[in-house]
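**Student:** Quick one, data26.cif (mmCIF, C-alpha atoms):
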```cif
data_entry
#
loop_
_atom_site.label_atom_id
_atom_site.label_comp_id
_atom_site.auth_asym_id
_atom_site.auth_seq_id
_atom_site.Cartn_x
_atom_site.Cartn_y
_atom_site.Cartn_z
CA MET S 1 -1.84 -9.30 27.36
CA THR S 2 1.18 -11.06 25.85
CA GLU S 3 4.41 -9.52 24.63
CA ILE S 4 5.65 -10.29 21.13
CA GLY S 5 9.17 -9.46 20.02
CA ILE S 6 9.26 -7.38 16.83
CA GLY S 7 12.23 -7.15 14.48
CA ILE S 8 12.27 -4.47 11.79
CA VAL S 9 14.67 -4.72 8.87
CA GLY S 10 15.28 -1.16 7.70
CA GLY S 11 15.29 1.95 9.81
CA GLY S 12 14.59 4.68 7.29
CA TYR S 13 11.28 6.31 6.32
CA MET S 14 9.10 3.21 6.56
CA GLY S 15 11.19 1.58 9.27
CA LYS S 16 10.48 4.55 11.51
CA ALA S 17 6.77 4.49 10.62
CA HIS S 18 6.47 0.84 11.60
CA ALA S 19 8.51 1.29 14.78
CA VAL S 20 6.20 4.13 15.87
CA ALA S 21 3.14 2.06 14.93
CA MET S 22 4.29 -0.94 16.94
CA SER S 23 4.97 1.31 19.92
CA ALA S 24 1.49 2.87 19.74
CA VAL S 25 -0.81 0.09 18.56
CA GLY S 26 -1.37 -1.48 21.98
CA ALA S 27 -2.58 1.77 23.49
CA VAL S 28 -4.69 2.77 20.46
CA PHE S 29 -6.47 -0.54 19.90
CA ASN S 30 -5.94 -2.32 23.25
CA THR S 31 -4.48 -5.32 21.44
CA THR S 32 -4.02 -8.64 23.20
CA LEU S 33 -0.53 -8.94 21.74
CA ARG S 34 1.71 -6.08 22.86
CA PRO S 35 4.75 -5.47 20.63
CA LYS S 36 8.20 -5.17 22.12
CA LEU S 37 10.74 -3.49 19.85
CA GLU S 38 13.34 -6.21 20.08
CA MET S 39 15.79 -5.55 17.25
CA VAL S 40 16.33 -3.19 14.32
CA CYS S 41 18.60 -3.86 11.35
CA ALA S 42 20.20 -1.22 9.15
CA SER S 43 22.95 -1.09 6.55
CA SER S 44 25.79 -0.28 8.98
CA PRO S 45 26.43 -0.77 12.69
CA GLU S 46 26.43 3.01 13.14
CA SER S 47 23.05 3.59 11.49
CA ALA S 48 21.55 0.56 13.24
CA GLU S 49 22.62 1.91 16.62
CA LYS S 50 21.26 5.34 15.70
CA TYR S 51 17.84 3.84 14.94
CA ARG S 52 17.95 1.70 18.08
CA ARG S 53 18.37 4.76 20.26
CA ALA S 54 15.89 6.89 18.33
CA PHE S 55 13.06 4.34 18.16
CA GLY S 56 13.56 2.47 21.46
CA PHE S 57 14.68 -0.96 20.27
CA ALA S 58 16.41 -3.25 22.73
CA ARG S 59 19.17 -4.23 20.27
CA ALA S 60 20.57 -3.38 16.84
CA THR S 61 22.41 -5.22 14.07
CA SER S 62 23.69 -4.59 10.56
CA ASN S 63 23.07 -8.21 9.52
CA TRP S 64 19.46 -9.08 8.67
CA GLU S 65 20.17 -12.80 9.12
CA THR S 66 21.10 -12.13 12.73
CA LEU S 67 17.72 -10.46 13.24
CA VAL S 68 15.73 -13.18 11.48
CA ASN S 69 17.43 -15.99 13.42
CA ASP S 70 17.23 -14.37 16.85
CA HIS S 71 14.88 -16.33 19.13
CA LYS S 72 13.55 -13.18 20.79
CA VAL S 73 12.40 -11.80 17.42
CA GLU S 74 9.01 -13.45 16.96
CA ALA S 75 7.59 -11.42 14.05
CA ILE S 76 9.37 -9.51 11.31
CA VAL S 77 8.65 -6.31 9.41
CA ILE S 78 10.54 -5.82 6.14
CA ALA S 79 11.08 -2.15 5.28
CA THR S 80 14.07 -2.41 2.96
CA PRO S 81 14.53 -1.74 -0.76
CA GLN S 82 12.60 -4.26 -2.87
CA GLU S 83 15.62 -6.28 -3.99
CA TYR S 84 16.07 -7.61 -0.42
CA HIS S 85 12.44 -8.55 0.25
CA ARG S 86 12.53 -12.10 -1.10
CA ARG S 87 15.64 -13.33 0.72
CA ILE S 88 14.55 -11.91 4.06
CA ALA S 89 10.99 -13.25 3.78
CA GLU S 90 12.08 -16.72 2.75
CA ALA S 91 14.52 -16.90 5.65
CA ALA S 92 11.86 -15.72 8.10
CA PHE S 93 9.29 -18.25 6.92
CA ALA S 94 11.93 -20.97 7.27
CA GLN S 95 11.99 -19.97 10.96
CA ASN S 96 8.14 -20.11 11.08
CA LYS S 97 7.95 -16.39 11.83
CA PRO S 98 5.10 -14.12 10.63
CA VAL S 99 6.19 -11.53 8.09
CA PHE S 100 4.89 -8.09 7.19
CA CYS S 101 6.50 -6.76 4.00
CA GLU S 102 6.24 -3.28 2.57
CA LYS S 103 4.97 -2.96 -0.98
CA PRO S 104 5.79 -3.87 -3.64
CA LEU S 105 6.03 -7.45 -2.45
CA GLY S 106 9.13 -8.23 -4.48
CA ALA S 107 11.41 -6.56 -6.98
CA SER S 108 9.80 -8.64 -9.74
CA LEU S 109 6.82 -10.89 -10.39
CA ASP S 110 9.08 -13.93 -9.99
CA ASP S 111 10.16 -12.66 -6.58
CA SER S 112 6.60 -12.06 -5.41
CA ARG S 113 5.48 -15.50 -6.63
CA ALA S 114 8.35 -17.11 -4.73
CA MET S 115 7.47 -15.12 -1.60
CA ALA S 116 3.79 -16.10 -1.79
CA ALA S 117 4.82 -19.73 -2.19
CA ALA S 118 7.23 -19.49 0.75
CA ALA S 119 4.45 -18.18 3.00
CA ASN S 120 2.62 -21.48 2.45
CA GLY S 121 -0.15 -20.87 4.98
CA GLN S 122 1.97 -18.91 7.46
CA ILE S 123 0.93 -15.41 8.48
CA SER S 124 1.95 -12.88 5.84
CA MET S 125 0.85 -9.34 5.09
CA THR S 126 1.74 -6.83 2.38
CA GLY S 127 1.90 -3.16 3.31
CA PHE S 128 -0.72 -1.16 1.41
CA ASN S 129 -1.62 1.50 3.93
CA TYR S 130 -3.65 4.05 1.92
CA ILE S 131 -6.66 1.79 1.40
CA ARG S 132 -6.95 1.56 5.21
CA THR S 133 -8.07 5.14 5.81
CA PRO S 134 -11.51 5.26 7.47
CA ALA S 135 -12.89 6.95 4.33
CA SER S 136 -11.64 4.25 1.96
CA GLN S 137 -12.76 1.48 4.30
CA PHE S 138 -16.21 3.11 4.28
CA ALA S 139 -16.10 3.31 0.49
CA ARG S 140 -15.43 -0.43 0.36
CA GLN S 141 -18.46 -1.00 2.59
CA LEU S 142 -20.73 1.15 0.44
CA ILE S 143 -19.67 -0.70 -2.70
CA ALA S 144 -19.93 -4.15 -1.10
CA ASP S 145 -23.37 -3.36 0.33
CA GLY S 146 -24.65 -2.33 -3.09
CA THR S 147 -25.37 1.24 -1.99
CA ILE S 148 -24.24 2.60 -5.35
CA GLY S 149 -25.61 -0.40 -7.24
CA ASP S 150 -23.60 -2.50 -9.66
CA VAL S 151 -20.24 -0.91 -10.39
CA THR S 152 -19.89 0.09 -14.04
CA TRP S 153 -16.74 2.24 -14.07
CA PHE S 154 -13.62 2.94 -12.01
CA ARG S 155 -11.03 5.68 -12.39
CA GLY S 156 -7.93 5.72 -10.21
CA GLU S 157 -4.65 7.59 -10.03
CA HIS S 158 -1.53 7.78 -7.93
CA THR S 159 0.19 11.01 -8.91
CA GLU S 160 3.02 12.91 -7.24
CA ASP S 161 5.53 15.56 -8.37
CA PHE S 162 8.80 14.69 -6.62
CA LEU S 163 10.50 14.25 -10.02
CA ALA S 164 8.45 16.77 -12.03
CA ASP S 165 11.41 19.14 -12.27
CA PRO S 166 13.87 17.81 -14.89
CA ALA S 167 16.66 19.63 -13.04
CA VAL S 168 16.37 17.20 -10.11
CA ALA S 169 19.47 15.02 -10.18
CA ALA S 170 19.45 11.35 -11.03
CA ASN S 171 19.23 9.20 -7.90
CA TRP S 172 18.22 5.73 -6.77
CA ARG S 173 14.62 6.40 -7.78
CA THR S 174 15.63 6.88 -11.43
CA THR S 175 17.31 3.48 -11.78
CA GLY S 176 15.69 0.05 -12.09
CA ASP S 177 12.09 -0.97 -12.84
CA ALA S 178 11.28 -1.58 -9.18
CA ASN S 179 11.98 2.09 -8.40
CA GLY S 180 10.10 3.52 -11.37
CA THR S 181 6.56 4.79 -11.25
CA MET S 182 5.09 1.39 -12.12
CA GLY S 183 7.14 -0.27 -9.40
CA ASP S 184 6.80 2.45 -6.76
CA LEU S 185 3.48 4.31 -7.09
CA ALA S 186 1.28 2.12 -9.30
CA PRO S 187 1.02 -0.78 -6.82
CA HIS S 188 -0.88 1.38 -4.30
CA MET S 189 -3.68 2.31 -6.69
CA ILE S 190 -3.78 -1.12 -8.33
CA ASN S 191 -4.23 -2.59 -4.86
CA GLY S 192 -6.95 0.00 -4.23
CA ALA S 193 -8.74 -0.98 -7.44
CA LEU S 194 -8.59 -4.68 -6.55
CA ALA S 195 -9.90 -3.93 -3.05
CA LEU S 196 -12.75 -1.71 -4.19
CA ILE S 197 -13.84 -3.39 -7.43
CA GLY S 198 -12.28 -6.86 -7.56
CA PRO S 199 -9.89 -8.76 -9.84
CA ILE S 200 -8.81 -7.36 -13.22
CA SER S 201 -9.18 -9.69 -16.19
CA SER S 202 -7.40 -7.75 -18.97
CA LEU S 203 -5.70 -4.44 -19.71
CA ILE S 204 -3.87 -2.30 -22.24
CA ALA S 205 -1.17 0.11 -21.08
CA GLU S 206 1.28 2.82 -22.11
CA ILE S 207 4.37 3.51 -20.02
CA GLU S 208 7.11 6.02 -20.79
CA THR S 209 10.08 7.97 -19.53
CA VAL S 210 9.55 11.69 -20.14
CA HIS S 211 12.90 12.95 -18.81
CA GLN S 212 15.43 10.59 -20.37
CA THR S 213 18.41 12.20 -18.66
CA ARG S 214 18.93 14.19 -15.48
CA PRO S 215 21.94 15.90 -13.96
CA GLY S 216 24.28 13.09 -13.04
CA GLY S 217 23.13 10.40 -15.44
CA ALA S 218 20.55 8.63 -17.58
CA VAL S 219 17.11 7.65 -16.32
CA THR S 220 16.53 3.89 -16.72
CA ASN S 221 12.94 3.59 -15.51
CA ASP S 222 9.51 5.11 -16.16
CA ASP S 223 8.09 8.51 -15.22
CA HIS S 224 4.42 7.82 -15.84
CA GLY S 225 1.99 5.24 -17.18
CA GLN S 226 -1.67 4.76 -17.97
CA LEU S 227 -3.91 1.78 -18.51
CA MET S 228 -7.42 0.83 -19.44
CA CYS S 229 -8.76 -2.37 -17.95
CA ARG S 230 -11.74 -4.66 -17.67
CA PHE S 231 -12.58 -6.09 -14.26
CA GLU S 232 -13.84 -9.63 -13.86
CA ASN S 233 -17.22 -8.30 -12.71
CA GLY S 234 -17.60 -6.52 -16.05
CA ALA S 235 -16.79 -2.98 -14.92
CA MET S 236 -14.57 -0.76 -17.07
CA GLY S 237 -11.53 0.94 -15.56
CA GLN S 238 -8.85 3.55 -16.14
CA MET S 239 -5.73 4.25 -14.09
CA TYR S 240 -2.89 6.76 -14.31
CA PHE S 241 0.36 6.82 -12.35
CA SER S 242 2.96 9.60 -12.34
CA ARG S 243 5.90 11.02 -10.43
CA ILE S 244 5.98 14.12 -12.66
CA SER S 245 2.49 15.54 -12.02
CA HIS S 246 3.11 19.15 -11.03
CA GLY S 247 1.19 20.17 -7.92
CA ARG S 248 0.24 16.66 -6.81
CA LYS S 249 1.80 15.66 -3.50
CA MET S 250 -0.26 12.60 -2.52
CA GLY S 251 -2.56 12.12 -5.49
CA TYR S 252 -4.04 8.77 -4.50
CA ALA S 253 -7.54 9.38 -5.84
CA TYR S 254 -10.40 7.37 -7.28
CA GLU S 255 -13.93 7.64 -8.58
CA VAL S 256 -16.40 4.77 -8.70
CA THR S 257 -19.64 4.91 -10.67
CA GLY S 258 -22.48 2.45 -10.12
CA THR S 259 -26.03 2.02 -11.36
CA LYS S 260 -27.43 3.83 -8.30
CA GLY S 261 -24.77 6.38 -7.42
CA ALA S 262 -21.09 7.22 -7.26
CA ILE S 263 -18.13 7.80 -4.90
CA ARG S 264 -15.11 10.09 -5.10
CA PHE S 265 -12.01 10.18 -2.90
CA ASP S 266 -8.70 12.05 -2.83
CA GLN S 267 -5.94 11.18 -0.35
CA GLU S 268 -4.92 14.83 -0.13
CA ASP S 269 -8.25 15.28 1.67
CA GLN S 270 -8.16 11.85 3.29
CA ASN S 271 -10.79 12.50 5.93
CA ALA S 272 -13.58 13.10 3.44
CA LEU S 273 -15.56 10.92 1.03
CA TRP S 274 -17.78 12.38 -1.68
CA PHE S 275 -21.02 10.43 -2.17
CA TYR S 276 -23.78 10.73 -4.78
CA SER S 277 -27.12 8.90 -4.68
CA MET S 278 -29.65 8.92 -7.51
CA ASN S 279 -32.38 8.46 -4.89
CA GLU S 280 -32.04 12.02 -3.60
CA PRO S 281 -34.68 14.62 -4.65
CA GLU S 282 -33.88 16.16 -8.03
CA ASP S 283 -33.63 19.70 -6.66
CA THR S 284 -30.97 18.78 -4.07
CA ARG S 285 -29.28 15.87 -5.83
CA GLY S 286 -25.49 16.12 -6.08
CA PHE S 287 -22.24 14.95 -4.57
CA ARG S 288 -22.12 15.58 -0.84
CA LYS S 289 -19.02 15.62 1.34
CA ILE S 290 -19.02 13.07 4.17
CA LEU S 291 -16.51 13.91 6.90
CA THR S 292 -15.20 10.80 8.62
CA GLY S 293 -15.86 10.32 12.31
CA PRO S 294 -16.46 7.66 14.97
CA ALA S 295 -19.25 6.13 12.83
CA HIS S 296 -16.66 5.06 10.24
CA PRO S 297 -14.23 2.09 10.37
CA ASP S 298 -11.16 2.41 12.64
CA TYR S 299 -11.69 6.12 13.36
CA GLU S 300 -12.87 6.19 16.99
CA PRO S 301 -9.73 4.58 18.51
CA PHE S 302 -7.80 7.67 17.36
CA CYS S 303 -10.32 10.43 18.01
CA GLN S 304 -13.88 10.81 19.32
CA GLY S 305 -14.58 14.00 17.38
CA PRO S 306 -16.14 13.78 13.89
CA GLY S 307 -14.20 15.73 11.31
CA HIS S 308 -11.09 16.02 13.49
CA GLY S 309 -9.36 13.54 11.21
CA THR S 310 -6.74 10.82 11.10
CA GLY S 311 -3.34 10.95 9.39
CA TYR S 312 -0.69 8.95 7.58
CA GLN S 313 0.84 7.40 10.71
CA ASP S 314 -2.59 6.22 11.82
CA GLN S 315 -2.86 4.11 8.67
CA ILE S 316 0.33 2.31 9.67
CA ILE S 317 -1.03 1.74 13.19
CA ILE S 318 -4.16 0.16 11.69
CA GLU S 319 -1.91 -2.14 9.65
CA ALA S 320 -0.02 -3.08 12.83
CA ARG S 321 -3.32 -3.94 14.56
CA ASP S 322 -4.35 -6.17 11.66
CA PHE S 323 -0.96 -7.90 11.58
CA LEU S 324 -1.07 -8.60 15.32
CA ARG S 325 -4.65 -9.86 15.05
CA ALA S 326 -3.63 -12.26 12.28
CA ILE S 327 -0.80 -13.61 14.46
CA GLU S 328 -3.02 -13.92 17.52
CA THR S 329 -5.82 -15.76 15.69
CA ASN S 330 -3.57 -17.56 13.18
CA THR S 331 -5.95 -16.28 10.49
CA PRO S 332 -4.81 -14.62 7.24
CA VAL S 333 -5.49 -10.90 6.98
CA TRP S 334 -5.88 -8.98 3.74
CA PRO S 335 -3.66 -8.22 1.91
CA THR S 336 -1.61 -11.39 2.24
CA PHE S 337 1.49 -12.13 0.18
CA GLN S 338 -0.84 -13.72 -2.40
CA ASP S 339 -2.70 -10.41 -2.65
CA GLY S 340 0.60 -8.57 -2.99
CA MET S 341 1.57 -10.95 -5.78
CA ASP S 342 -1.73 -10.21 -7.57
CA VAL S 343 -0.76 -6.53 -7.67
CA ASN S 344 2.66 -7.35 -9.11
CA GLN S 345 0.99 -9.48 -11.75
CA VAL S 346 -1.07 -6.51 -12.93
CA VAL S 347 2.08 -4.37 -13.05
CA ALA S 348 3.89 -7.05 -15.07
CA ALA S 349 0.95 -7.32 -17.46
CA ALA S 350 1.01 -3.54 -17.95
CA MET S 351 4.72 -3.66 -18.78
CA VAL S 352 4.14 -6.39 -21.36
CA SER S 353 1.20 -4.50 -22.84
CA SER S 354 3.23 -1.30 -23.18
CA ARG S 355 5.98 -3.16 -25.07
CA THR S 356 3.62 -5.09 -27.35
CA LYS S 357 1.00 -2.32 -27.71
CA SER S 358 -1.78 -4.84 -27.20
CA TRP S 359 -4.47 -5.98 -24.76
CA ILE S 360 -3.12 -8.53 -22.26
CA ASP S 361 -5.00 -11.21 -20.35
CA ILE S 362 -3.77 -10.86 -16.76
CA HIS S 363 -3.58 -14.62 -16.26
CA SER S 364 -1.33 -15.05 -19.28
CA VAL S 365 1.54 -13.25 -17.56
#
```
What is this file in structure tokens?
**Tutor:**
Amino acid sequence: MTEIGIGIVGGGYMGKAHAVAMSAVGAVFNTTLRPKLEMVCASSPESAEKYRRAFGFARATSNWETLVNDHKVEAIVIATPQEYHRRIAEAAFAQNKPVFCEKPLGASLDDSRAMAAAANGQISMTGFNYIRTPASQFARQLIADGTIGDVTWFRGEHTEDFLADPAVAANWRTTGDANGTMGDLAPHMINGALALIGPISSLIAEIETVHQTRPGGAVTNDDHGQLMCRFENGAMGQMYFSRISHGRKMGYAYEVTGTKGAIRFDQEDQNALWFYSMNEPEDTRGFRKILTGPAHPDYEPFCQGPGHGTGYQDQIIIEARDFLRAIETNTPVWPTFQDGMDVNQVVAAAMVSSRTKSWIDIHSV
């Protein structure tokens, strides 16, 4: 086993998740590389020191350049607001250090293209954790193996309700495209669609702000959006994204229909996959609930009991394992920065389509 010094830029919600993951991943997966929490960076010396003590880092700083340039920091996790992603990543790659960056890859398509170019063969990874649940990994296997035949249709959504109440005050989430629904929630399901079905060739989209003003100010980004798309393999698709869907807390859900069967999944019941096969007897044919267990990808390291389940933090630990494996083997791991850029390209195409009210070729954006 070999220690590797980890630096995390950002100590908030995702910074904590990645710090916990790096602390646990060696024990869960018996990784060859064993992370050492070397340095955490936050917006002020006081908050940085608070996170250092809480998460177990050796040192703290309020200057991300100090973290990136420190020789004991050998790999970097970016868990900051999107507008900082590009500068931090470019500086890290200049130091030949592997980089894991939370989604979306950049605050804009230009940013994500620049970040993918800066990676230039170095180890990079974009944080899309939901597609790494054992159930969704199993869904990918079933589709890739042809179990449900040729895919003909995909429906996906990422819906939540944290801004469903118009009385909720304006805040950082209600300002700037990167913090709107298309910048914040849509990338997860778009990434899921690309992972499950493959590249998108064209789309048409509608995006709008339902609550134009909130207590404290105007809303300058989108509340929800929908799109129809055509995948390069010929399948049809629909996706909907919303932060104003009453009753939905983690509505990352999809349905895939093929020529031999179908699959359904909902993140609010993340330890189950619904499967339909046309080969079942007519009198018992129907969707059946498959509870995940040790027979499914990346489940057994967490629990030996079928149906006992994994959780949100476990998805982040799986990401940490994959990132460490990429560093150890010097082999790219999906999703790389290029894959993160592909998601941003779909988002950008949807924004153009909504403005022009027309179908858009993804590669024209």
**Student:** With all atoms listed in the file as the counted atoms, please give the residues lying no more than 12 Å from Ala218 of chain S, apart from itself and same-chain residues fewer than 2 positions off, as a ChimeraX atom specification.
**Tutor:** /S:166,169-176,209-216,220-222
**Student:** Wanna dump the segment 89-171 of chain S-segment 337-358 of chain S contacts at 9 Å for me, each residue with its shortest atom pair and the distance in Å to one decimal, counting only C-alpha atoms, ordered by chain and number, as JSON lines?
**Tutor:**
```
{"residue": "S:Phe100", "atom": "CA", "partner": "S:Phe337", "partner_atom": "CA", "distance": 8.8}
{"residue": "S:Cys101", "atom": "CA", "partner": "S:Phe337", "partner_atom": "CA", "distance": 8.3}
{"residue": "S:Lys103", "atom": "CA", "partner": "S:Gly340", "partner_atom": "CA", "distance": 7.4}
{"residue": "S:Pro104", "atom": "CA", "partner": "S:Gly340", "partner_atom": "CA", "distance": 7.0}
{"residue": "S:Leu105", "atom": "CA", "partner": "S:Gly340", "partner_atom": "CA", "distance": 5.6}
{"residue": "S:Gly106", "atom": "CA", "partner": "S:Asn344", "partner_atom": "CA", "distance": 8.0}
{"residue": "S:Ser108", "atom": "CA", "partner": "S:Asn344", "partner_atom": "CA", "distance": 7.3}
{"residue": "S:Leu109", "atom": "CA", "partner": "S:Asn344", "partner_atom": "CA", "distance": 5.6}
{"residue": "S:Asp111", "atom": "CA", "partner": "S:Met341", "partner_atom": "CA", "distance": 8.8}
{"residue": "S:Ser112", "atom": "CA", "partner": "S:Met341", "partner_atom": "CA", "distance": 5.2}
{"residue": "S:Arg113", "atom": "CA", "partner": "S:Met341", "partner_atom": "CA", "distance": 6.1}
{"residue": "S:Met115", "atom": "CA", "partner": "S:Phe337", "partner_atom": "CA", "distance": 6.9}
{"residue": "S:Ala116", "atom": "CA", "partner": "S:Phe337", "partner_atom": "CA", "distance": 5.0}
{"residue": "S:Ala117", "atom": "CA", "partner": "S:Gln338", "partner_atom": "CA", "distance": 8.3}
{"residue": "S:Ala119", "atom": "CA", "partner": "S:Phe337", "partner_atom": "CA", "distance": 7.3}
{"residue": "S:Ile123", "atom": "CA", "partner": "S:Phe337", "partner_atom": "CA", "distance": 8.9}
{"residue": "S:Ser124", "atom": "CA", "partner": "S:Phe337", "partner_atom": "CA", "distance": 5.7}
{"residue": "S:Met125", "atom": "CA", "partner": "S:Phe337", "partner_atom": "CA", "distance": 5.7}
{"residue": "S:Thr126", "atom": "CA", "partner": "S:Phe337", "partner_atom": "CA", "distance": 5.7}
{"residue": "S:Gly127", "atom": "CA", "partner": "S:Gly340", "partner_atom": "CA", "distance": 8.4}
{"residue": "S:Phe128", "atom": "CA", "partner": "S:Gly340", "partner_atom": "CA", "distance": 8.7}
```
**Student:** Just give me the gap between atom CA of Glu255 of chain S and atom CA of Arg132 of chain S in Å, one decimal is fine.
**Tutor:** 16.6 Å
**Student:** Find the smallest box with edges along x, y and z containing every listed atom of segment 14-29 of chain S, then add 8 Å on each side and report centre and edge lengths in Å to one decimal, as lines of an AutoDock Vina configuration file.
**Tutor:**
```
center_x = 2.4
center_y = 1.5
center_z = 15.0
size_x = 33.7
size_y = 22.0
size_z = 32.9
```
**Student:** Check the smallest atom-to-atom distance from each of S:Gly180, S:Gly156, S:Gly7, S:Pro199 to Pro98 of chain S using all atoms listed in the file, then report the winner.
**Tutor:**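 Comparing S:Gly180, S:Gly156, S:Gly7, S:Pro199 against Pro98 of chain S, the winner is S:Gly7.
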**Student:** Pick from S:Thr310, S:Ser245, S:Ser136, S:Thr66: nearest to Met39 of chain S, with all atoms listed in the file counted?
**Tutor:**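 Closest to Met39 of chain S, using all atoms listed in the file: S:Thr66.
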**Student:** Using all atoms listed in the file, which of S:Asn96, S:Gln122, S:Gln270, S:Ser364 sits nearest Ser201 of chain S?
**Tutor:**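 Ranking S:Asn96, S:Gln122, S:Gln270, S:Ser364 by distance to Ser201 of chain S, first place goes to S:Ser364.
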**Student:** Evaluate the PyMOL selection byres ((chain S and resi 320) around 8) against this structure - the residues, as a PyMOL selection string, please.
**Tutor:** chain S and resi 18+21-22+25+316-319+321-324
**Student:** I'd like to know which of S:Trp153, S:Phe241, S:Phe138, S:Tyr130 is closest to Gly183 of chain S, using all atoms listed in the file.
**Tutor:** S:Phe241
**Student:** Name every residue that the PyMOL selection byres ((chain S and resi 91-95) around 9) selects in this structure, writing the answer as a ChimeraX atom specification with chains first and numbers rising.
**Tutor:** /S:65,68-69,75-76,86-90,96-99,118-120,122-123
**Student:** May I have the selected residues written with C-alpha atoms, as a tab-separated table (two decimals), keeping the file's coordinate frame?
**Tutor:**
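Result file follows (selection06.tsv):
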```tsv
chain	number	residue	atom	x	y	z
S	65	GLU	CA	20.17	-12.80	9.12
S	68	VAL	CA	15.73	-13.18	11.48
S	69	ASN	CA	17.43	-15.99	13.42
S	75	ALA	CA	7.59	-11.42	14.05
S	76	ILE	CA	9.37	-9.51	11.31
S	86	ARG	CA	12.53	-12.10	-1.10
S	87	ARG	CA	15.64	-13.33	0.72
S	88	ILE	CA	14.55	-11.91	4.06
S	89	ALA	CA	10.99	-13.25	3.78
S	90	GLU	CA	12.08	-16.72	2.75
S	96	ASN	CA	8.14	-20.11	11.08
S	97	LYS	CA	7.95	-16.39	11.83
S	98	PRO	CA	5.10	-14.12	10.63
S	99	VAL	CA	6.19	-11.53	8.09
S	118	ALA	CA	7.23	-19.49	0.75
S	119	ALA	CA	4.45	-18.18	3.00
S	120	ASN	CA	2.62	-21.48	2.45
S	122	GLN	CA	1.97	-18.91	7.46
S	123	ILE	CA	0.93	-15.41	8.48
```
**Student:** Here's the selection I'm unsure about, the PyMOL selection byres ((chain S and resi 293) around 10); applied to the file above, which residues does it give, as number ranges by chain?
**Tutor:** S: 134-135, 271-272, 290-292, 294-300, 302-310
**Student:** Closest to Ser242 of chain S among S:Ala60, S:Ala178, S:Leu142, S:Ala186, using all atoms listed in the file?
**Tutor:**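 The shortest atom-to-atom distance to Ser242 of chain S comes from S:Ala186.
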**Student:** Between S:Met14, S:Leu163, S:Thr133, S:Gln226, single out the one closest to Asp269 of chain S, counting all atoms listed in the file.
**Tutor:**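 For Asp269 of chain S, the nearest of the candidates is S:Thr133.
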**Student:** Quick one: residues within 12 Å of Met1 of chain S, only C-alpha atoms, excluding same-chain residues fewer than 3 positions away - as a short mmCIF file (atom, residue, chain, number, x, y, z; two decimals) with C-alpha atoms, keeping the file's coordinate frame?
**Tutor:**
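out.cif written:
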```
data_model
loop_
_atom_site.label_atom_id
_atom_site.label_comp_id
_atom_site.auth_asym_id
_atom_site.auth_seq_id
_atom_site.Cartn_x
_atom_site.Cartn_y
_atom_site.Cartn_z
CA ILE S 4 5.65 -10.29 21.13
CA GLY S 26 -1.37 -1.48 21.98
CA ALA S 27 -2.58 1.77 23.49
CA ASN S 30 -5.94 -2.32 23.25
CA THR S 31 -4.48 -5.32 21.44
CA THR S 32 -4.02 -8.64 23.20
CA LEU S 33 -0.53 -8.94 21.74
CA ARG S 34 1.71 -6.08 22.86
CA PRO S 35 4.75 -5.47 20.63
CA GLU S 328 -3.02 -13.92 17.52
#
```
**Student:** How many Å lie between atom CA of Phe29 of chain S and atom CA of Glu3 of chain S, rounded to one decimal?
**Tutor:**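 Separation of atom CA of Phe29 of chain S and atom CA of Glu3 of chain S: 14.9 Å.
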**Student:** To one decimal in Å, tell me the separation between atom CA of Ala164 of chain S and atom CA of Arg243 of chain S.
**Tutor:** 6.5 Å
**Student:** Show me, as a list of chain:residue names, the residues that have an atom within 8 Å of Lys249 of chain S when counting all atoms listed in the file, minus same-chain residues fewer than 4 positions from it.
**Tutor:**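 With the cut-off at 8 Å, the set is S:Thr159, S:Glu160, S:Asp161, S:Phe162, S:Glu268.
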**Student:** Please report as CSV every residue of segment 275-363 of chain S lying within 10 Å of segment 228-240 of chain S, along with the nearest atom pair and their distance in Å (one decimal), using all atoms listed in the file.
**Tutor:**
```
residue,atom,partner,partner_atom,distance
S:Ala350,CA,S:Met228,CA,9.6
S:Trp359,CA,S:Cys229,CA,8.8
S:Ile360,CA,S:Cys229,CA,9.4
S:Asp361,CA,S:Arg230,CA,9.8
S:Ile362,CA,S:Cys229,CA,9.9
```
**Student:** With N, CA and C atoms as the target, complete segment 11-17 of chain S and hand it back as a PDB file, keeping the file's coordinate frame.
**Tutor:**
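So selection-v3.pdb came out as:
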```pdb
ATOM      1  N   GLY S  11      15.613   0.932   8.811  1.00  0.00           N
ATOM      2  CA  GLY S  11      15.290   1.950   9.810  1.00  0.00           C
ATOM      3  C   GLY S  11      14.955   3.304   9.241  1.00  0.00           C
ATOM      4  N   GLY S  12      14.842   3.398   7.924  1.00  0.00           N
ATOM      5  CA  GLY S  12      14.590   4.680   7.290  1.00  0.00           C
ATOM      6  C   GLY S  12      13.148   5.129   7.401  1.00  0.00           C
ATOM      7  N   TYR S  13      12.627   5.711   6.324  1.00  0.00           N
ATOM      8  CA  TYR S  13      11.280   6.310   6.320  1.00  0.00           C
ATOM      9  C   TYR S  13      10.218   5.337   6.810  1.00  0.00           C
ATOM     10  N   MET S  14      10.131   4.170   6.174  1.00  0.00           N
ATOM     11  CA  MET S  14       9.100   3.210   6.560  1.00  0.00           C
ATOM     12  C   MET S  14       9.485   2.439   7.815  1.00  0.00           C
ATOM     13  N   GLY S  15      10.769   2.227   8.035  1.00  0.00           N
ATOM     14  CA  GLY S  15      11.190   1.580   9.270  1.00  0.00           C
ATOM     15  C   GLY S  15      10.749   2.372  10.482  1.00  0.00           C
ATOM     16  N   LYS S  16      10.929   3.686  10.414  1.00  0.00           N
ATOM     17  CA  LYS S  16      10.480   4.550  11.510  1.00  0.00           C
ATOM     18  C   LYS S  16       8.966   4.474  11.669  1.00  0.00           C
ATOM     19  N   ALA S  17       8.232   4.534  10.548  1.00  0.00           N
ATOM     20  CA  ALA S  17       6.770   4.490  10.620  1.00  0.00           C
ATOM     21  C   ALA S  17       6.280   3.226  11.306  1.00  0.00           C
TER      22      ALA S  17
END
```
